[in-house]
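Asks: Structure: structure.txt, compact mmCIF, C-alpha atoms.
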# COMPACT_ATOMS: atom_id res chain seq x y z
CA MET A 1 0.00 0.00 0.00
CA ALA A 2 2.84 2.38 0.89
CA THR A 3 4.46 1.73 -2.47
CA LEU A 4 1.17 2.40 -4.30
CA ALA A 5 0.60 5.63 -2.38
CA SER A 6 4.15 6.73 -3.15
CA ALA A 7 3.62 6.02 -6.86
CA ARG A 8 0.41 8.07 -6.86
CA THR A 9 2.20 10.96 -5.15
CA ARG A 10 4.94 10.89 -7.79
CA GLU A 11 2.34 10.81 -10.55
CA ARG A 12 0.58 13.87 -9.15
CA ALA A 13 3.91 15.64 -8.86
CA ARG A 14 4.68 14.78 -12.48
CA VAL A 15 1.37 16.22 -13.71
CA LEU A 16 1.50 19.30 -11.45
CA PRO A 17 5.19 20.04 -10.86
CA LYS A 18 4.57 22.12 -7.72
CA GLY A 19 1.20 20.79 -6.64
CA TRP A 20 -2.29 22.24 -6.72
CA PRO A 21 -1.63 25.38 -4.60
CA ASP A 22 0.96 26.76 -7.03
CA PHE A 23 -1.08 25.72 -10.07
CA VAL A 24 -4.18 27.51 -8.78
CA LEU A 25 -2.07 30.54 -7.86
CA GLN A 26 -0.76 30.80 -11.43
CA LEU A 27 -4.29 30.55 -12.82
CA VAL A 28 -5.44 33.33 -10.50
CA LEU A 29 -2.46 35.53 -11.37
CA PHE A 30 -3.13 35.20 -15.09
CA ALA A 31 -6.86 35.72 -14.67
CA VAL A 32 -6.32 38.88 -12.65
CA ALA A 33 -3.56 40.14 -14.97
CA ASP A 34 -5.68 39.56 -18.07
CA LEU A 35 -8.75 41.19 -16.51
CA LEU A 36 -6.75 44.24 -15.43
CA TYR A 37 -5.09 44.39 -18.83
CA GLU A 38 -8.38 44.29 -20.74
CA ILE A 39 -10.04 46.82 -18.43
CA SER A 40 -7.02 49.14 -18.51
CA ARG A 41 -6.74 48.84 -22.27
CA THR A 42 -10.40 49.77 -22.62
CA LEU A 43 -10.02 52.75 -20.26
CA ALA A 44 -6.93 53.83 -22.20
CA LYS A 45 -9.00 54.67 -25.28
CA GLY A 46 -7.63 57.90 -26.63
CA ASP A 47 -9.35 60.78 -28.33
CA LEU A 48 -10.74 59.76 -31.71
CA ALA A 49 -9.13 62.63 -33.59
CA VAL A 50 -5.75 62.08 -31.91
CA ALA A 51 -5.84 58.36 -32.71
CA PHE A 52 -6.37 59.10 -36.41
CA VAL A 53 -3.63 61.75 -36.41
CA HIS A 54 -1.25 59.18 -34.94
CA ALA A 55 -2.27 56.65 -37.59
CA ARG A 56 -1.45 59.21 -40.30
CA ASP A 57 1.87 59.83 -38.56
CA VAL A 58 2.64 56.11 -38.74
CA VAL A 59 1.81 56.11 -42.45
CA SER A 60 4.13 59.10 -42.99
CA ILE A 61 6.97 57.45 -41.06
CA GLU A 62 6.58 54.22 -43.02
CA LYS A 63 6.55 56.09 -46.33
CA SER A 64 9.77 57.84 -45.36
CA MET A 65 11.26 54.44 -44.49
CA GLY A 66 9.96 52.85 -47.69
CA ILE A 67 7.97 50.17 -45.87
CA PHE A 68 4.39 51.34 -46.43
CA THR A 69 3.31 48.18 -48.23
CA GLU A 70 0.40 47.06 -46.06
CA LEU A 71 -2.12 47.74 -48.83
CA ASP A 72 -0.17 45.47 -51.19
CA VAL A 73 -0.24 42.68 -48.61
CA GLN A 74 -3.96 43.09 -48.00
CA HIS A 75 -4.80 43.17 -51.72
CA TRP A 76 -2.70 40.05 -52.28
CA ALA A 77 -4.59 38.23 -49.51
CA LEU A 78 -7.98 39.45 -50.75
CA ALA A 79 -7.25 37.93 -54.16
CA ARG A 80 -6.70 34.52 -52.50
CA PRO A 81 -9.70 33.61 -50.31
CA TRP A 82 -7.95 30.69 -48.60
CA VAL A 83 -5.05 32.95 -47.61
CA LEU A 84 -7.48 35.51 -46.24
CA ASP A 85 -9.27 32.79 -44.26
CA VAL A 86 -5.96 31.77 -42.69
CA ALA A 87 -5.17 35.41 -41.86
CA ASN A 88 -8.61 36.06 -40.34
CA THR A 89 -8.57 32.88 -38.29
CA THR A 90 -5.01 33.41 -37.12
CA TYR A 91 -5.62 37.00 -36.06
CA PHE A 92 -8.90 36.38 -34.24
CA HIS A 93 -8.13 33.03 -32.57
CA ALA A 94 -4.42 32.21 -32.45
CA HIS A 95 -3.29 35.03 -30.16
CA PHE A 96 -5.43 33.87 -27.24
CA ALA A 97 -5.60 30.13 -27.97
CA VAL A 98 -1.91 29.56 -28.75
CA THR A 99 -0.74 31.76 -25.87
CA THR A 100 -3.00 29.94 -23.42
CA CYS A 101 -2.00 26.46 -24.60
CA PHE A 102 1.67 27.46 -24.60
CA MET A 103 1.55 28.68 -21.00
CA PHE A 104 -0.18 25.48 -19.84
CA TRP A 105 2.41 23.37 -21.67
CA LEU A 106 5.24 25.46 -20.27
CA TYR A 107 3.97 25.14 -16.72
CA LEU A 108 3.30 21.40 -16.92
CA ARG A 109 6.25 20.25 -19.04
CA ARG A 110 9.00 22.89 -18.66
CA ASN A 111 8.13 24.24 -15.24
CA HIS A 112 11.61 25.55 -14.38
CA HIS A 113 11.35 27.95 -17.33
CA TYR A 114 7.72 28.90 -16.77
CA TYR A 115 8.22 31.63 -14.17
CA PHE A 116 10.81 33.49 -16.23
CA VAL A 117 8.59 33.48 -19.34
CA ARG A 118 5.57 34.44 -17.21
CA ASN A 119 7.48 37.50 -16.03
CA ILE A 120 8.24 38.43 -19.64
CA ILE A 121 4.54 38.19 -20.51
CA PHE A 122 3.41 40.24 -17.51
CA SER A 123 6.07 42.88 -18.17
CA ALA A 124 5.05 43.14 -21.82
CA MET A 125 1.40 43.61 -20.90
CA ALA A 126 2.21 46.39 -18.45
CA LEU A 127 4.55 48.19 -20.84
CA ALA A 128 2.09 47.89 -23.74
CA LEU A 129 -0.51 49.79 -21.73
CA ILE A 130 1.89 52.72 -21.52
CA GLY A 131 2.02 52.79 -25.30
CA TYR A 132 -1.76 52.68 -25.59
CA VAL A 133 -2.14 55.61 -23.17
CA LEU A 134 0.64 57.78 -24.60
CA PHE A 135 0.14 57.02 -28.28
CA PRO A 136 -3.43 55.89 -29.08
CA THR A 137 -3.44 54.90 -32.73
CA ALA A 138 -6.18 53.89 -35.12
CA PRO A 139 -5.51 50.64 -37.00
CA PRO A 140 -5.13 50.59 -40.80
CA ARG A 141 -8.63 49.10 -41.22
CA MET A 142 -10.08 52.46 -40.13
CA LEU A 143 -8.22 54.36 -42.83
CA THR A 144 -10.74 53.49 -45.52
CA ASP A 145 -9.83 56.57 -47.55
CA LEU A 146 -6.43 54.98 -48.20
CA GLY A 147 -8.05 51.79 -49.47
CA PHE A 148 -7.87 49.59 -46.38
CA ILE A 149 -10.78 47.36 -45.41
CA ASP A 150 -11.67 45.48 -42.24
CA THR A 151 -11.36 41.90 -43.53
CA LEU A 152 -12.78 40.40 -40.33
CA GLU A 153 -15.97 42.43 -40.71
CA LYS A 154 -16.26 42.18 -44.50
CA THR A 155 -15.36 38.52 -44.97
CA ALA A 156 -15.62 36.82 -41.57
CA ASP A 157 -18.63 38.61 -40.03
CA VAL A 158 -16.69 39.80 -36.96
CA ASN A 159 -17.77 43.23 -35.76
CA PHE A 160 -15.45 44.92 -33.26
CA ASN A 161 -18.21 47.33 -32.24
CA THR A 162 -20.69 44.81 -30.84
CA GLY A 163 -20.96 42.41 -27.90
CA ALA A 164 -18.05 41.26 -25.74
CA VAL A 165 -15.58 42.19 -28.48
CA SER A 166 -16.54 45.84 -28.03
CA LEU A 167 -16.55 45.70 -24.23
CA LEU A 168 -13.11 44.12 -23.94
CA SER A 169 -11.23 45.83 -26.72
CA ASN A 170 -9.60 49.16 -27.45
CA PRO A 171 -9.77 49.94 -31.16
CA PHE A 172 -6.88 52.37 -30.77
CA ALA A 173 -4.46 49.90 -29.14
CA ALA A 174 -2.37 49.44 -32.26
CA VAL A 175 1.02 50.61 -30.97
CA PRO A 176 2.77 48.40 -30.05
CA SER A 177 1.48 45.11 -31.48
CA VAL A 178 1.09 42.69 -28.57
CA HIS A 179 0.24 39.97 -31.09
CA THR A 180 3.77 40.33 -32.46
CA CYS A 181 5.32 40.60 -29.02
CA PHE A 182 3.69 37.44 -27.66
CA SER A 183 4.35 35.46 -30.84
CA LEU A 184 8.06 36.25 -30.59
CA ILE A 185 8.13 35.24 -26.93
CA ILE A 186 6.33 31.98 -27.71
CA GLY A 187 8.22 31.17 -30.90
CA THR A 188 11.63 31.81 -29.33
CA SER A 189 10.77 29.92 -26.14
CA CYS A 190 9.57 26.89 -28.10
CA PHE A 191 12.70 26.98 -30.26
CA PHE A 192 14.84 26.56 -27.16
CA LEU A 193 12.55 24.29 -25.13
CA VAL A 194 10.93 21.89 -27.61
CA ARG A 195 13.02 18.73 -27.96
CA ARG A 196 12.28 17.72 -31.57
CA PRO A 197 14.53 19.72 -33.93
CA ALA A 198 11.98 19.85 -36.78
CA VAL A 199 9.26 21.18 -34.46
CA ARG A 200 11.66 23.71 -32.99
CA VAL A 201 12.34 25.17 -36.43
CA ILE A 202 8.62 25.27 -37.27
CA TRP A 203 7.98 27.43 -34.20
CA LEU A 204 10.29 30.08 -35.61
CA PHE A 205 7.71 30.65 -38.37
CA TYR A 206 4.90 31.32 -35.88
CA PRO A 207 5.81 35.03 -35.44
CA CYS A 208 5.92 35.35 -39.24
CA LEU A 209 2.38 33.97 -39.51
CA ILE A 210 1.15 36.33 -36.81
CA VAL A 211 2.75 39.40 -38.39
CA PHE A 212 1.29 38.47 -41.77
CA SER A 213 -2.18 38.07 -40.23
CA ILE A 214 -2.17 41.41 -38.40
CA VAL A 215 -1.13 43.23 -41.57
CA ALA A 216 -3.34 41.34 -44.03
CA THR A 217 -6.45 41.88 -41.88
CA GLY A 218 -5.75 45.60 -41.59
CA ASN A 219 -5.29 45.58 -37.83
CA HIS A 220 -1.67 46.72 -37.61
CA PHE A 221 1.03 48.52 -39.52
CA TRP A 222 4.52 47.14 -40.04
CA LEU A 223 5.75 49.74 -37.57
CA ASP A 224 3.38 48.36 -34.92
CA ALA A 225 4.96 44.94 -35.42
CA ILE A 226 8.48 46.39 -35.20
CA LEU A 227 7.61 48.12 -31.93
CA GLY A 228 6.01 44.88 -30.73
CA ALA A 229 9.35 43.16 -31.28
CA VAL A 230 11.11 45.96 -29.38
CA LEU A 231 8.57 45.50 -26.58
CA ALA A 232 9.46 41.81 -26.38
CA GLY A 233 13.14 42.73 -26.01
CA ILE A 234 12.44 45.27 -23.26
CA ALA A 235 10.15 42.81 -21.43
CA LEU A 236 12.93 40.23 -21.63
CA GLY A 237 15.24 42.74 -19.99
CA VAL A 238 12.76 43.31 -17.17
CA ALA A 239 12.40 39.56 -16.59
CA TRP A 240 16.20 39.18 -16.73
CA THR A 241 16.53 41.78 -13.99
CA ILE A 242 13.92 40.03 -11.84
CA GLU A 243 15.71 36.72 -12.39
CA ARG A 244 18.94 38.20 -11.05
CA PHE A 245 17.35 38.77 -7.65
CA HIS A 246 14.82 35.91 -7.64
CA PRO A 247 16.35 32.88 -9.42
CA THR A 248 13.92 30.39 -10.96
CA LEU A 249 15.71 29.14 -14.08
CA PRO A 250 17.92 26.04 -14.18
CA ALA A 251 21.68 26.59 -14.12
CA SER A 252 22.11 25.95 -17.86
CA ALA A 253 19.56 28.62 -18.78
CA ARG A 254 21.02 31.09 -16.30
CA HIS A 255 24.43 30.53 -17.87
CA ARG A 256 23.07 31.23 -21.39
CA LEU A 257 21.51 34.44 -20.12
CA ARG A 258 24.74 35.41 -18.32
CA LEU A 259 23.01 35.34 -14.96
CA ASP A 260 25.32 33.01 -13.09
CA PRO A 261 27.95 34.52 -10.76
CA ALA A 262 30.79 33.39 -13.04
CA SER A 263 29.54 35.37 -16.03
Go ahead and express the file in the form of structure tokens.
Replies:
Amino acid sequence: MATLASARTRERARVLPKGWPDFVLQLVLFAVADLLYEISRTLAKGDLAVAFVHARDVVSIEKSMGIFTELDVQHWALARPWVLDVANTTYFHAHFAVTTCFMFWLYLRRNHHYYFVRNIIFSAMALALIGYVLFPTAPPRMLTDLGFIDTLEKTADVNFNTGAVSLLSNPFAAVPSVHTCFSLIIGTSCFFLVRRPAVRVIWLFYPCLIVFSIVATGNHFWLDAILGAVLAGIALGVAWTIERFHPTLPASARHRLRLDPAS
């Protein structure tokens, strides 16, 4: 009986690396963080006129950089219905679904890395809110005079102005692109943590798919994606600093990040 009880204890520990209390705590932390993020993002809605001025500023900056090609991408996708379907589905579903599944997998299967990545995610969410407050920006889909369309509304019957989508969204939260930020965090983490080489390489294409979807659907500019990547780097720096004073990563990972005393 003692042997059987010991085996069951080990099995529970294998499924939940730190037991139910820590697992429930992480669920609560993410639920609270997401609720605060959505509420704060909604409250951070900027002035309509200012948001459109900022969108025009983004267009001007991109033109000066020679990267204002979002219309070309959208027109290319519109001419290929299956590509547009992939873009619509990816934009509307992947961000939440993939991020949620990734965090569960990370906690259950790579628990020693979970807390570091969690801190990157939380830091990114907090920093993104600063961008939404200081630089509210209308997405390309609202610049209909330039030729953009809202592909989710026109081809997928998703209306951002109705129901829960309206209550829990800020239409002017374009800068930076959190979709890009999270996809880079997830894609990079999976590249280092997934054991099968082929799967690891595939994950590197996930950020590319996300960036394509946000541009093709008219929800972000290239510059939003670039700033989303910068956000991921800054959030990594915040998590790195936290890790210095509150170690959670295994020694090998701390060595790669130059966090061990010898580095």
Asks: Determine the nearest neighbour of A:Val215 from the options A:Leu29, A:Val73, A:Leu43, A:Ala51, counting all atoms listed in the file.
Replies: A:Val73
Asks: Determine, using all atoms listed in the file, which residues of stretch 86-201 of chain A have any atom at most 10 Å from an atom of stretch 242-251 of chain A, and tabulate each with its shortest atom pair and distance in Å to one decimal place, rows ordered by chain and then rising number, as CSV.
Replies:
residue,atom,partner,partner_atom,distance
A:Asn111,CA,A:Leu249,CA,9.1
A:His112,CA,A:Leu249,CA,5.5
A:His113,CA,A:Leu249,CA,5.6
A:Tyr114,CA,A:Leu249,CA,8.4
A:Tyr115,CA,A:Thr248,CA,6.7
A:Phe116,CA,A:Thr248,CA,6.9
A:Val117,CA,A:Leu249,CA,9.9
A:Asn119,CA,A:Ile242,CA,8.1
A:Ile120,CA,A:Ile242,CA,9.8
Asks: Neighbouring residues of stretch 130-141 of chain A were defined as those with any atom within 6 Å, considering only C-alpha atoms; residues of the same chain fewer than 2 positions away were excluded. Please report them as a PyMOL selection string.
Replies: chain A and resi 44+46+51-52+54-55+127-128+143+148-150+172-174+218-220
Asks: Rounded to one decimal place, report the atom CA of A:Val15-atom CA of A:Met103 distance in Å.
Replies: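 Separation between atom CA of A:Val15 and atom CA of A:Met103: 14.4 Å.
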Asks: I need the residue nearest A:Asp57 from this list: A:Val230, A:Phe30, A:Leu204, A:Val175. Use only C-alpha atoms for the distance.
Replies: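 Comparing A:Val230, A:Phe30, A:Leu204, A:Val175 against A:Asp57, the winner is A:Val175.
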Asks: If you measure from atom CA of A:Phe122 to atom CA of A:Ala239, what distance in Å do you get, rounded to one decimal?
Replies: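 So the answer is 9.1 Å.
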Asks: Smallest atom-to-atom distance to A:Arg118: which of A:Ala225, A:Gln26, A:Thr241, A:Glu38, using only C-alpha atoms?
Replies: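 Ranking A:Ala225, A:Gln26, A:Thr241, A:Glu38 by distance to A:Arg118, first place goes to A:Gln26.
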Asks: Which is closest to A:Phe96 among A:Ile39, A:Val32, A:Leu146, A:Ile210, if we use all atoms listed in the file?
Replies: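 Nearest candidate to A:Phe96 out of A:Ile39, A:Val32, A:Leu146, A:Ile210: A:Ile210.
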Asks: Would you mind reading off the distance between atom CA of A:Thr151 and atom CA of A:Ala87, one decimal, in Å?
Replies: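 These atoms are spaced 9.1 Å apart.
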Asks: List as a ChimeraX atom specification the residues having at least one atom at most 8 Å from position (6.2, 44.7, -20.8) as given in the file, counting all atoms listed in the file.
Replies: /A:120-128,231-232,234-235,238
Asks: Taking into account all atoms listed in the file, which residue in the set A:Leu16, A:Leu223, A:Ala216, A:Val59 is nearest to A:Leu108?
Replies: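 Looking at the shortest contact to A:Leu108, the residue is A:Leu16.
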Asks: So which residues touch A:Thr180 within 9 Å, counting all atoms listed in the file, skipping near sequence neighbours fewer than 4 positions away, as a PyMOL selection string?
Replies: chain A and resi 176+184-185+207-208+210-211+214+224-229+232
Asks: Hey, could you make a per-residue contact list for stretch 63-164 of chain A against stretch 186-198 of chain A with 8 Å as the cut-off, showing the nearest pair of atoms and its distance in Å to one decimal, counting only C-alpha atoms, sorted by chain and number, as CSV?
Replies:
residue,atom,partner,partner_atom,distance
A:Thr99,CA,A:Ile186,CA,7.3
A:Phe102,CA,A:Ile186,CA,7.2
A:Arg110,CA,A:Leu193,CA,7.5
A:Val117,CA,A:Ser189,CA,8.0
Asks: Nearest to A:Arg56 among A:Asp34, A:Glu153, A:Ser252, A:Phe68, with distances taken over all atoms listed in the file: which residue is it?
Replies: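 For A:Arg56, the nearest of the given residues is A:Phe68.
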